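Scroll down for the structure; my scribbles are underneath it.
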Amino acid sequence: MKRELTGRKVFLITAAAFGVIIAVNVVMAVQAVRTFPGLEVKNSYVASQTFDAERKAQEALGWTLTESYGAGELRLAFRDADGLPVRVEGLSATVGRTTESANDITPEFRWVNGDYVAEADLAPGKWMILLEAFARDGTRFHQRIDLFVRG
């Protein structure tokens, strides 16, 4: 026996569908605002005034940086233009998820066979490393690195 599809039933189906969509949007918006870690810089105009000079100074160092993660160990390999290991001053890094700051860690790096190595327990997924180091002459080297940890 078939039931008749009335205007009332169509309205209830449509209202339920839109209700689900609105509820999901509200939950996602609340999560986005709650987990947003904040601004990258306090004043973007002031930061932009020195950007080109800092970029040129960093490029003049001729350094490359390669990151790797395995067996609970985060490894950073700084190399100069000749491919030789570079010892940096004041290395600091924040490792965290790209979407929230709840799992951020600040690993302690040590110099091991030409690389900087730190213990880090990273779950599978996408991570971000915000890195800052200085050359012996005081030139700042900073970089944001995306790291994908396989599960």
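To be explicit about the labels: the chains of the structure tokens are called A, B, and onward in the order shown, and within each one the residues are counted from 1, while ligands get numbers from 1 in the order they are shown.
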
With only C-alpha atoms counted and 8 Å as the cut-off, give the residues of region 95-141 of chain A in contact with region 30-51 of chain A, each with its shortest interatomic distance in Å and the pair that gives it, as a Markdown table.
| residue | atom | partner | partner_atom | distance |
| --- | --- | --- | --- | --- |
| A:Thr99 | CA | A:Phe36 | CA | 6.7 |
| A:Glu100 | CA | A:Thr35 | CA | 5.0 |
| A:Ser101 | CA | A:Pro37 | CA | 5.4 |
| A:Ala102 | CA | A:Thr35 | CA | 7.9 |

Those in chain A with strand (DSSP E or B) from DSSP, as number ranges by chain: A: 64-70, 73-79, 85, 89-96, 105, 110-112, 115-119, 125-134, 140-149

List the spatial neighbours of region 72-83 of chain A as a list of chain:residue names - criterion: any atom at most 9 Å away, only C-alpha atoms, same-chain residues fewer than 2 positions off excluded.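 Listed by chain and then number, they are A:Leu61, A:Gly62, A:Trp63, A:Thr64, A:Leu65, A:Thr66, A:Glu67, A:Ser68, A:Tyr69, A:Gly70, A:Pro85, A:Val86, A:Arg87, A:Val88, A:Pro107, A:Phe109, A:Gly114, A:Asp115, A:Tyr116, A:Val117, A:Ala118, A:Glu119, A:Ala120, A:Asp121, A:Leu122.
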
Please, what distance in Å, to one decimal, runs between CA of Ala15 (chain A) and CA of Met28 (chain A)?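 A separation of 19.9 Å between them.
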
Separation of CA of Gln58 (chain A) from CA of Ile129 (chain A) in Å: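 Result for CA of Ile129 (chain A) versus CA of Gln58 (chain A): 17.6 Å, one decimal.
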
Can you list, as an MDAnalysis selection string, all residues belonging to region 1-148 of chain A that DSSP tags as helix (DSSP H, G or I)? chainID A and resid 7:35 44:61

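For the set A:Thr98, A:Glu4, A:Ala135, A:Arg140, the residue with the smallest atom-to-atom gap to Ala53 (chain A) is A:Arg140, counting only C-alpha atoms.
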
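Here the question is which of A:Arg110, A:Arg150, A:Lys56, A:Arg8 gets nearest to Ser92 (chain A) using only C-alpha atoms, and that residue is A:Arg110.
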
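For the set A:Ile21, A:Leu130, A:Ile13, A:Val112, the residue with the smallest atom-to-atom gap to Leu147 (chain A) is A:Leu130, counting only C-alpha atoms.
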
Point-to-point distance in Å for CA of Gly125 (chain A) and CA of Thr94 (chain A):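 Atom-to-atom, CA of Thr94 (chain A) and CA of Gly125 (chain A) are spaced 16.3 Å apart.
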